[in-house]
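Student: Before I ask anything, let me first share the structure, which is written out below as structure tokens.
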Amino acid sequence: VGHPLSASTISVMDRPEVMLGCVALAVSAAAIVQSLDHRRRRHDQILLTLLQGRRNDSSTSRAQEDDGTPRSVAGPVAGFTMEEAREHALQGASDAKSRTPNEVLLELQRGNARFWMGAAQRPEKSAFERRSLILSQYPSVAVLGCSDSRVPVEIVFDQGLGDLFVIRVAGNALSLSTNASLQYAIHHLKVKVVVVMGHEGCGAIKAAQLDEETIKKEPADLAKALLGIKSGLDEKRLSCIHDPRAHDREAVVTNVTNQVKQLAKDPSLMDLVNNDELTIVGGFYEISSGIVDFFHQISVPGSPRVASRKRGSQWR
């Protein structure tokens with residue numbers, strides 16, 4: 001007596017509804033891929049058209065060849081030259097230079113607001129824009145942040161390629177290399193805002209509050225870095241704060257404030273501040289909410305205050 005066929009032995013060809021479903025799925029996938037490719041090509045074509053329109057002072061919406069025929073864009077890379085990319089880079093540098101420190105800081109706050117509200121734009125560069133970045137960079141902000149994997153600076157501020165000059169080191173502490181990096185960003189890249197940003201739950205700040213004997217058991221370079229952070233903490237005052245979360249925040253804020261004050265001792269930076277060419281500010285990133293609070297802002301007297309500061313603070 002034969003056994004009935006199991007469901008697994010039935011050919012797909014015997015199930016026309018399965019075949020139709022597979023065909024429909026394949027057609028839908030192909031349509032989605034085609035749509036995405038079309039959108040990318042259209043994006044690059046618009047960028048190229050805008051650039052050529054600005055260069056030729058033309059009011060038309062499409063670039064044209066000498067004989068008047070429309071110029072085509074074959075793909076995401078073809079259709080523009082390095083000269084056009086160079087012009088795009090120069091325009092970007094000019095736009096960055098024209099902004100005031102206060103405008104730059106406000107835009108940074110808007111980016112963070114988009115991030116913690118779940119409306120981040122995640123700005124990405126097209127092939128054309130990436131090619132323009134080969135030639136130069138023109139960030140408006142330099143950030144001294146922590147190496148902690150939970151604090152990706154560009155994501156926190158919803159910024160893209162070329163927008164931020166970022167230095168990350170454990171405890172966002174000033175040292176020979178981090179200070180030199182900031183000096184390069186300020187004096188050569190002409191950034192308008194310097195942010196020293198600490199964060200909630202910083203392991204380096206917690207470790208720096210251990211007793212010196214314990215710290216000295218760490219590898220030599222690590223111990224030296226932690227002792228450097230420790231020297232800037234007011235541990236006597238911090239010992240009066242018993243709530244763990246409040247204590248954590250105040251320790252991080254104290255460390256950031258100390259780094260900002262160290263930067264303010266540089267006469268060349270203060271000259272830029274007084275000429276309204278630079279703002280230096282501290283920040284605290286709350287991992288749990290995604291919000292960055294700004295504080296201890298050092299900017300030209302009389303400029304709008306984006307960050308709060310303690311009454312009676314002296315900057316110089």
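Each chain of the structure tokens is named A, B, ... in the order shown, its residues numbered from 1; ligands are numbered from 1 in display order.
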Find the residues near Gln159 (chain A): any atom within 12 Å, counting only C-alpha atoms, skip ones fewer than 2 places away on the same chain, and give them as a PDB file with all heavy atoms, in the first residue's frame.
Tutor:
ATOM      1  N   GLU A 107      22.447  76.589  14.911  1.00  0.00           N
ATOM      2  CA  GLU A 107      22.233  75.480  13.989  1.00  0.00           C
ATOM      3  C   GLU A 107      22.641  74.147  14.622  1.00  0.00           C
ATOM      4  O   GLU A 107      22.010  73.113  14.395  1.00  0.00           O
ATOM      5  CB  GLU A 107      23.009  75.717  12.692  1.00  0.00           C
ATOM      6  CG  GLU A 107      22.879  74.587  11.673  1.00  0.00           C
ATOM      7  CD  GLU A 107      21.440  74.229  11.351  1.00  0.00           C
ATOM      8  OE1 GLU A 107      20.586  75.154  11.278  1.00  0.00           O
ATOM      9  OE2 GLU A 107      21.145  73.030  11.189  1.00  0.00           O
ATOM     10  N   LEU A 108      23.691  74.181  15.430  1.00  0.00           N
ATOM     11  CA  LEU A 108      24.112  72.975  16.136  1.00  0.00           C
ATOM     12  C   LEU A 108      23.027  72.524  17.103  1.00  0.00           C
ATOM     13  O   LEU A 108      22.736  71.324  17.226  1.00  0.00           O
ATOM     14  CB  LEU A 108      25.417  73.254  16.888  1.00  0.00           C
ATOM     15  CG  LEU A 108      26.300  72.049  17.243  1.00  0.00           C
ATOM     16  CD1 LEU A 108      26.771  71.333  15.983  1.00  0.00           C
ATOM     17  CD2 LEU A 108      27.493  72.502  18.069  1.00  0.00           C
ATOM     18  N   GLN A 109      22.401  73.469  17.782  1.00  0.00           N
ATOM     19  CA  GLN A 109      21.309  73.136  18.690  1.00  0.00           C
ATOM     20  C   GLN A 109      20.109  72.571  17.936  1.00  0.00           C
ATOM     21  O   GLN A 109      19.450  71.639  18.412  1.00  0.00           O
ATOM     22  CB  GLN A 109      20.885  74.373  19.485  1.00  0.00           C
ATOM     23  CG  GLN A 109      21.867  74.770  20.580  1.00  0.00           C
ATOM     24  CD  GLN A 109      21.284  75.830  21.493  1.00  0.00           C
ATOM     25  OE1 GLN A 109      20.835  76.871  21.031  1.00  0.00           O
ATOM     26  NE2 GLN A 109      21.306  75.574  22.781  1.00  0.00           N
ATOM     27  N   ARG A 110      19.827  73.138  16.779  1.00  0.00           N
ATOM     28  CA  ARG A 110      18.709  72.626  15.980  1.00  0.00           C
ATOM     29  C   ARG A 110      18.969  71.179  15.559  1.00  0.00           C
ATOM     30  O   ARG A 110      18.059  70.347  15.559  1.00  0.00           O
ATOM     31  CB  ARG A 110      18.497  73.502  14.741  1.00  0.00           C
ATOM     32  CG  ARG A 110      18.032  74.917  15.040  1.00  0.00           C
ATOM     33  CD  ARG A 110      17.640  75.644  13.760  1.00  0.00           C
ATOM     34  NE  ARG A 110      17.373  77.049  14.018  1.00  0.00           N
ATOM     35  CZ  ARG A 110      18.212  78.048  13.728  1.00  0.00           C
ATOM     36  NH1 ARG A 110      19.374  77.769  13.151  1.00  0.00           N
ATOM     37  NH2 ARG A 110      17.895  79.300  13.996  1.00  0.00           N
ATOM     38  N   GLY A 111      20.224  70.894  15.182  1.00  0.00           N
ATOM     39  CA  GLY A 111      20.561  69.532  14.801  1.00  0.00           C
ATOM     40  C   GLY A 111      20.363  68.551  15.946  1.00  0.00           C
ATOM     41  O   GLY A 111      19.836  67.451  15.757  1.00  0.00           O
ATOM     42  N   ASN A 112      20.772  68.958  17.154  1.00  0.00           N
ATOM     43  CA  ASN A 112      20.577  68.096  18.322  1.00  0.00           C
ATOM     44  C   ASN A 112      19.097  67.910  18.620  1.00  0.00           C
ATOM     45  O   ASN A 112      18.660  66.812  18.988  1.00  0.00           O
ATOM     46  CB  ASN A 112      21.297  68.666  19.534  1.00  0.00           C
ATOM     47  CG  ASN A 112      21.055  67.856  20.795  1.00  0.00           C
ATOM     48  OD1 ASN A 112      20.505  68.352  21.774  1.00  0.00           O
ATOM     49  ND2 ASN A 112      21.431  66.591  20.791  1.00  0.00           N
ATOM     50  N   ALA A 113      18.313  68.978  18.430  1.00  0.00           N
ATOM     51  CA  ALA A 113      16.867  68.875  18.665  1.00  0.00           C
ATOM     52  C   ALA A 113      16.238  67.874  17.693  1.00  0.00           C
ATOM     53  O   ALA A 113      15.383  67.072  18.083  1.00  0.00           O
ATOM     54  CB  ALA A 113      16.210  70.243  18.526  1.00  0.00           C
ATOM     55  N   ARG A 114      16.679  67.910  16.437  1.00  0.00           N
ATOM     56  CA  ARG A 114      16.161  66.922  15.477  1.00  0.00           C
ATOM     57  C   ARG A 114      16.503  65.509  15.924  1.00  0.00           C
ATOM     58  O   ARG A 114      15.683  64.586  15.810  1.00  0.00           O
ATOM     59  CB  ARG A 114      16.756  67.186  14.085  1.00  0.00           C
ATOM     60  CG  ARG A 114      16.283  68.451  13.410  1.00  0.00           C
ATOM     61  CD  ARG A 114      16.643  68.470  11.927  1.00  0.00           C
ATOM     62  NE  ARG A 114      18.072  68.386  11.682  1.00  0.00           N
ATOM     63  CZ  ARG A 114      18.878  69.439  11.577  1.00  0.00           C
ATOM     64  NH1 ARG A 114      18.396  70.662  11.721  1.00  0.00           N
ATOM     65  NH2 ARG A 114      20.169  69.282  11.341  1.00  0.00           N
ATOM     66  N   PHE A 115      17.723  65.332  16.452  1.00  0.00           N
ATOM     67  CA  PHE A 115      18.171  64.009  16.889  1.00  0.00           C
ATOM     68  C   PHE A 115      17.315  63.473  18.023  1.00  0.00           C
ATOM     69  O   PHE A 115      16.784  62.358  17.945  1.00  0.00           O
ATOM     70  CB  PHE A 115      19.637  64.090  17.315  1.00  0.00           C
ATOM     71  CG  PHE A 115      20.127  62.881  18.054  1.00  0.00           C
ATOM     72  CD1 PHE A 115      20.316  61.682  17.395  1.00  0.00           C
ATOM     73  CD2 PHE A 115      20.403  62.947  19.416  1.00  0.00           C
ATOM     74  CE1 PHE A 115      20.778  60.559  18.080  1.00  0.00           C
ATOM     75  CE2 PHE A 115      20.846  61.834  20.108  1.00  0.00           C
ATOM     76  CZ  PHE A 115      21.038  60.638  19.445  1.00  0.00           C
ATOM     77  N   ALA A 120      15.775  63.206  12.948  1.00  0.00           N
ATOM     78  CA  ALA A 120      17.097  63.428  12.354  1.00  0.00           C
ATOM     79  C   ALA A 120      17.046  63.257  10.839  1.00  0.00           C
ATOM     80  O   ALA A 120      16.384  62.353  10.322  1.00  0.00           O
ATOM     81  CB  ALA A 120      18.112  62.460  12.958  1.00  0.00           C
ATOM     82  N   GLN A 121      17.757  64.139  10.151  1.00  0.00           N
ATOM     83  CA  GLN A 121      17.798  64.089   8.687  1.00  0.00           C
ATOM     84  C   GLN A 121      18.893  63.169   8.187  1.00  0.00           C
ATOM     85  O   GLN A 121      18.890  62.777   7.022  1.00  0.00           O
ATOM     86  CB  GLN A 121      18.011  65.509   8.142  1.00  0.00           C
ATOM     87  CG  GLN A 121      16.884  66.459   8.484  1.00  0.00           C
ATOM     88  CD  GLN A 121      17.190  67.900   8.087  1.00  0.00           C
ATOM     89  OE1 GLN A 121      18.302  68.224   7.667  1.00  0.00           O
ATOM     90  NE2 GLN A 121      16.214  68.768   8.235  1.00  0.00           N
ATOM     91  N   ARG A 122      19.851  62.831   9.045  1.00  0.00           N
ATOM     92  CA  ARG A 122      20.977  61.977   8.667  1.00  0.00           C
ATOM     93  C   ARG A 122      21.569  62.446   7.332  1.00  0.00           C
ATOM     94  O   ARG A 122      21.573  61.705   6.346  1.00  0.00           O
ATOM     95  CB  ARG A 122      20.530  60.523   8.558  1.00  0.00           C
ATOM     96  CG  ARG A 122      20.044  59.903   9.842  1.00  0.00           C
ATOM     97  CD  ARG A 122      21.197  59.623  10.799  1.00  0.00           C
ATOM     98  NE  ARG A 122      20.759  58.826  11.929  1.00  0.00           N
ATOM     99  CZ  ARG A 122      20.286  59.322  13.070  1.00  0.00           C
ATOM    100  NH1 ARG A 122      20.188  60.625  13.211  1.00  0.00           N
ATOM    101  NH2 ARG A 122      19.926  58.539  14.065  1.00  0.00           N
ATOM    102  N   PRO A 123      22.047  63.685   7.280  1.00  0.00           N
ATOM    103  CA  PRO A 123      22.495  64.230   5.987  1.00  0.00           C
ATOM    104  C   PRO A 123      23.610  63.408   5.360  1.00  0.00           C
ATOM    105  O   PRO A 123      24.613  63.102   5.997  1.00  0.00           O
ATOM    106  CB  PRO A 123      22.991  65.637   6.358  1.00  0.00           C
ATOM    107  CG  PRO A 123      23.287  65.571   7.832  1.00  0.00           C
ATOM    108  CD  PRO A 123      22.300  64.595   8.401  1.00  0.00           C
ATOM    109  N   GLU A 124      23.408  63.024   4.110  1.00  0.00           N
ATOM    110  CA  GLU A 124      24.405  62.278   3.357  1.00  0.00           C
ATOM    111  C   GLU A 124      24.821  63.092   2.138  1.00  0.00           C
ATOM    112  O   GLU A 124      24.030  63.854   1.593  1.00  0.00           O
ATOM    113  CB  GLU A 124      23.852  60.921   2.919  1.00  0.00           C
ATOM    114  CG  GLU A 124      23.518  59.994   4.079  1.00  0.00           C
ATOM    115  CD  GLU A 124      22.990  58.650   3.601  1.00  0.00           C
ATOM    116  OE1 GLU A 124      22.927  58.466   2.374  1.00  0.00           O
ATOM    117  OE2 GLU A 124      22.640  57.824   4.442  1.00  0.00           O
ATOM    118  N   LYS A 125      26.056  62.915   1.720  1.00  0.00           N
ATOM    119  CA  LYS A 125      26.562  63.625   0.560  1.00  0.00           C
ATOM    120  C   LYS A 125      26.381  62.776  -0.697  1.00  0.00           C
ATOM    121  O   LYS A 125      26.555  61.562  -0.670  1.00  0.00           O
ATOM    122  CB  LYS A 125      28.049  63.946   0.734  1.00  0.00           C
ATOM    123  CG  LYS A 125      28.374  64.808   1.951  1.00  0.00           C
ATOM    124  CD  LYS A 125      27.860  66.218   1.817  1.00  0.00           C
ATOM    125  CE  LYS A 125      28.349  67.086   2.970  1.00  0.00           C
ATOM    126  NZ  LYS A 125      27.764  68.437   2.934  1.00  0.00           N
ATOM    127  N   PRO A 139      34.677  72.972   7.924  1.00  0.00           N
ATOM    128  CA  PRO A 139      33.756  72.829   9.062  1.00  0.00           C
ATOM    129  C   PRO A 139      33.608  74.153   9.796  1.00  0.00           C
ATOM    130  O   PRO A 139      34.533  74.974   9.804  1.00  0.00           O
ATOM    131  CB  PRO A 139      34.441  71.776   9.934  1.00  0.00           C
ATOM    132  CG  PRO A 139      35.897  71.957   9.630  1.00  0.00           C
ATOM    133  CD  PRO A 139      35.964  72.302   8.168  1.00  0.00           C
ATOM    134  N   SER A 140      32.469  74.347  10.414  1.00  0.00           N
ATOM    135  CA  SER A 140      32.227  75.560  11.194  1.00  0.00           C
ATOM    136  C   SER A 140      32.367  75.312  12.689  1.00  0.00           C
ATOM    137  O   SER A 140      32.387  76.257  13.473  1.00  0.00           O
ATOM    138  CB  SER A 140      30.820  76.107  10.905  1.00  0.00           C
ATOM    139  OG  SER A 140      30.699  76.506   9.564  1.00  0.00           O
ATOM    140  N   VAL A 141      32.443  74.047  13.075  1.00  0.00           N
ATOM    141  CA  VAL A 141      32.473  73.687  14.495  1.00  0.00           C
ATOM    142  C   VAL A 141      33.589  72.680  14.758  1.00  0.00           C
ATOM    143  O   VAL A 141      33.789  71.749  13.975  1.00  0.00           O
ATOM    144  CB  VAL A 141      31.128  73.064  14.947  1.00  0.00           C
ATOM    145  CG1 VAL A 141      31.161  72.714  16.432  1.00  0.00           C
ATOM    146  CG2 VAL A 141      29.968  73.998  14.637  1.00  0.00           C
ATOM    147  N   PRO A 152      28.568  59.330  19.574  1.00  0.00           N
ATOM    148  CA  PRO A 152      29.024  59.674  18.221  1.00  0.00           C
ATOM    149  C   PRO A 152      28.597  61.103  17.884  1.00  0.00           C
ATOM    150  O   PRO A 152      27.423  61.377  17.663  1.00  0.00           O
ATOM    151  CB  PRO A 152      28.312  58.639  17.342  1.00  0.00           C
ATOM    152  CG  PRO A 152      27.063  58.311  18.102  1.00  0.00           C
ATOM    153  CD  PRO A 152      27.396  58.426  19.569  1.00  0.00           C
ATOM    154  N   VAL A 153      29.543  61.993  17.851  1.00  0.00           N
ATOM    155  CA  VAL A 153      29.242  63.434  17.808  1.00  0.00           C
ATOM    156  C   VAL A 153      28.411  63.828  16.589  1.00  0.00           C
ATOM    157  O   VAL A 153      27.424  64.572  16.703  1.00  0.00           O
ATOM    158  CB  VAL A 153      30.551  64.253  17.855  1.00  0.00           C
ATOM    159  CG1 VAL A 153      30.259  65.742  17.755  1.00  0.00           C
ATOM    160  CG2 VAL A 153      31.308  63.948  19.140  1.00  0.00           C
ATOM    161  N   GLU A 154      28.793  63.348  15.392  1.00  0.00           N
ATOM    162  CA  GLU A 154      28.051  63.738  14.193  1.00  0.00           C
ATOM    163  C   GLU A 154      26.588  63.306  14.261  1.00  0.00           C
ATOM    164  O   GLU A 154      25.694  64.030  13.798  1.00  0.00           O
ATOM    165  CB  GLU A 154      28.702  63.129  12.945  1.00  0.00           C
ATOM    166  CG  GLU A 154      30.021  63.768  12.547  1.00  0.00           C
ATOM    167  CD  GLU A 154      31.222  63.154  13.264  1.00  0.00           C
ATOM    168  OE1 GLU A 154      31.013  62.340  14.187  1.00  0.00           O
ATOM    169  OE2 GLU A 154      32.352  63.503  12.905  1.00  0.00           O
ATOM    170  N   ILE A 155      26.334  62.139  14.840  1.00  0.00           N
ATOM    171  CA  ILE A 155      24.956  61.656  14.945  1.00  0.00           C
ATOM    172  C   ILE A 155      24.178  62.468  15.969  1.00  0.00           C
ATOM    173  O   ILE A 155      23.025  62.851  15.737  1.00  0.00           O
ATOM    174  CB  ILE A 155      24.947  60.159  15.318  1.00  0.00           C
ATOM    175  CG1 ILE A 155      25.537  59.333  14.169  1.00  0.00           C
ATOM    176  CG2 ILE A 155      23.530  59.683  15.633  1.00  0.00           C
ATOM    177  CD1 ILE A 155      25.649  57.854  14.468  1.00  0.00           C
ATOM    178  N   VAL A 156      24.803  62.759  17.097  1.00  0.00           N
ATOM    179  CA  VAL A 156      24.136  63.514  18.167  1.00  0.00           C
ATOM    180  C   VAL A 156      23.693  64.889  17.681  1.00  0.00           C
ATOM    181  O   VAL A 156      22.640  65.401  18.079  1.00  0.00           O
ATOM    182  CB  VAL A 156      25.076  63.644  19.386  1.00  0.00           C
ATOM    183  CG1 VAL A 156      24.544  64.664  20.385  1.00  0.00           C
ATOM    184  CG2 VAL A 156      25.255  62.292  20.056  1.00  0.00           C
ATOM    185  N   PHE A 157      24.488  65.506  16.783  1.00  0.00           N
ATOM    186  CA  PHE A 157      24.148  66.831  16.277  1.00  0.00           C
ATOM    187  C   PHE A 157      23.540  66.777  14.876  1.00  0.00           C
ATOM    188  O   PHE A 157      23.344  67.817  14.249  1.00  0.00           O
ATOM    189  CB  PHE A 157      25.382  67.730  16.283  1.00  0.00           C
ATOM    190  CG  PHE A 157      25.818  68.151  17.662  1.00  0.00           C
ATOM    191  CD1 PHE A 157      27.015  67.701  18.197  1.00  0.00           C
ATOM    192  CD2 PHE A 157      25.018  68.981  18.428  1.00  0.00           C
ATOM    193  CE1 PHE A 157      27.419  68.091  19.480  1.00  0.00           C
ATOM    194  CE2 PHE A 157      25.410  69.377  19.703  1.00  0.00           C
ATOM    195  CZ  PHE A 157      26.611  68.932  20.230  1.00  0.00           C
ATOM    196  N   LEU A 161      29.101  64.671   6.467  1.00  0.00           N
ATOM    197  CA  LEU A 161      30.513  64.728   6.090  1.00  0.00           C
ATOM    198  C   LEU A 161      30.960  66.179   5.932  1.00  0.00           C
ATOM    199  O   LEU A 161      30.302  66.980   5.280  1.00  0.00           O
ATOM    200  CB  LEU A 161      30.737  63.988   4.773  1.00  0.00           C
ATOM    201  CG  LEU A 161      30.458  62.485   4.757  1.00  0.00           C
ATOM    202  CD1 LEU A 161      30.613  61.946   3.339  1.00  0.00           C
ATOM    203  CD2 LEU A 161      31.378  61.750   5.709  1.00  0.00           C
ATOM    204  N   GLY A 162      32.096  66.503   6.568  1.00  0.00           N
ATOM    205  CA  GLY A 162      32.666  67.829   6.410  1.00  0.00           C
ATOM    206  C   GLY A 162      32.052  68.909   7.276  1.00  0.00           C
ATOM    207  O   GLY A 162      32.471  70.070   7.205  1.00  0.00           O
ATOM    208  N   ASP A 163      31.054  68.580   8.107  1.00  0.00           N
ATOM    209  CA  ASP A 163      30.379  69.605   8.911  1.00  0.00           C
ATOM    210  C   ASP A 163      31.086  69.894  10.232  1.00  0.00           C
ATOM    211  O   ASP A 163      31.053  71.026  10.723  1.00  0.00           O
ATOM    212  CB  ASP A 163      28.932  69.180   9.202  1.00  0.00           C
ATOM    213  CG  ASP A 163      28.076  69.153   7.952  1.00  0.00           C
ATOM    214  OD1 ASP A 163      28.405  69.904   7.010  1.00  0.00           O
ATOM    215  OD2 ASP A 163      27.104  68.384   7.908  1.00  0.00           O
ATOM    216  N   LEU A 164      31.688  68.864  10.829  1.00  0.00           N
ATOM    217  CA  LEU A 164      32.310  69.015  12.144  1.00  0.00           C
ATOM    218  C   LEU A 164      33.765  68.549  12.105  1.00  0.00           C
ATOM    219  O   LEU A 164      34.098  67.578  11.428  1.00  0.00           O
ATOM    220  CB  LEU A 164      31.567  68.191  13.206  1.00  0.00           C
ATOM    221  CG  LEU A 164      30.079  68.430  13.395  1.00  0.00           C
ATOM    222  CD1 LEU A 164      29.536  67.490  14.472  1.00  0.00           C
ATOM    223  CD2 LEU A 164      29.794  69.880  13.778  1.00  0.00           C
ATOM    224  N   PHE A 165      34.615  69.247  12.856  1.00  0.00           N
ATOM    225  CA  PHE A 165      35.995  68.803  13.089  1.00  0.00           C
ATOM    226  C   PHE A 165      36.001  68.216  14.495  1.00  0.00           C
ATOM    227  O   PHE A 165      35.838  68.947  15.480  1.00  0.00           O
ATOM    228  CB  PHE A 165      36.956  69.987  12.980  1.00  0.00           C
ATOM    229  CG  PHE A 165      38.404  69.594  13.065  1.00  0.00           C
ATOM    230  CD1 PHE A 165      39.111  69.237  11.930  1.00  0.00           C
ATOM    231  CD2 PHE A 165      39.072  69.592  14.278  1.00  0.00           C
ATOM    232  CE1 PHE A 165      40.453  68.875  11.991  1.00  0.00           C
ATOM    233  CE2 PHE A 165      40.412  69.239  14.366  1.00  0.00           C
ATOM    234  CZ  PHE A 165      41.103  68.881  13.217  1.00  0.00           C
ATOM    235  N   VAL A 166      36.162  66.905  14.609  1.00  0.00           N
ATOM    236  CA  VAL A 166      35.932  66.212  15.880  1.00  0.00           C
ATOM    237  C   VAL A 166      37.228  65.620  16.430  1.00  0.00           C
ATOM    238  O   VAL A 166      37.952  64.916  15.728  1.00  0.00           O
ATOM    239  CB  VAL A 166      34.878  65.101  15.716  1.00  0.00           C
ATOM    240  CG1 VAL A 166      34.639  64.395  17.046  1.00  0.00           C
ATOM    241  CG2 VAL A 166      33.576  65.679  15.178  1.00  0.00           C
TER     242      VAL A 166
END
Student: Quick one, how far is CA of Leu238 (chain A) from CA of Val252 (chain A)?
Tutor: 10.7 Å
Student: Let's see if you can do this: from backbone DSSP, list all alpha helix (DSSP H) residues in region 76-268 of chain A, as a count of residues only.
Tutor: 105
Student: Can you list, as a list in words, every protein, DNA or RNA residue that comes within 10 Å of region 208-224 of chain A when you count only C-alpha atoms, leaving out same-chain residues fewer than 3 positions away?
Tutor: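 Returned residues: Ala170, Gly171, Gly203, Ala204, Ile205, Leu227, Gly228, Ile229, Lys230, Ser231, Gly232, Leu233, Asp234, Glu235, Leu238 and Ala251 of chain A.
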Student: Mind pulling up the distance from CA of Gly145 (chain A) to CA of Ser175 (chain A)?
Tutor: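 Those two atoms sit 12.8 Å apart.
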Student: Taking only C-alpha atoms into account, which of A:Arg249, A:Lys192, A:Arg168, A:His187 comes nearest Ser147 (chain A)?
Tutor: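 For Ser147 (chain A), the nearest of the candidates is A:Arg168.
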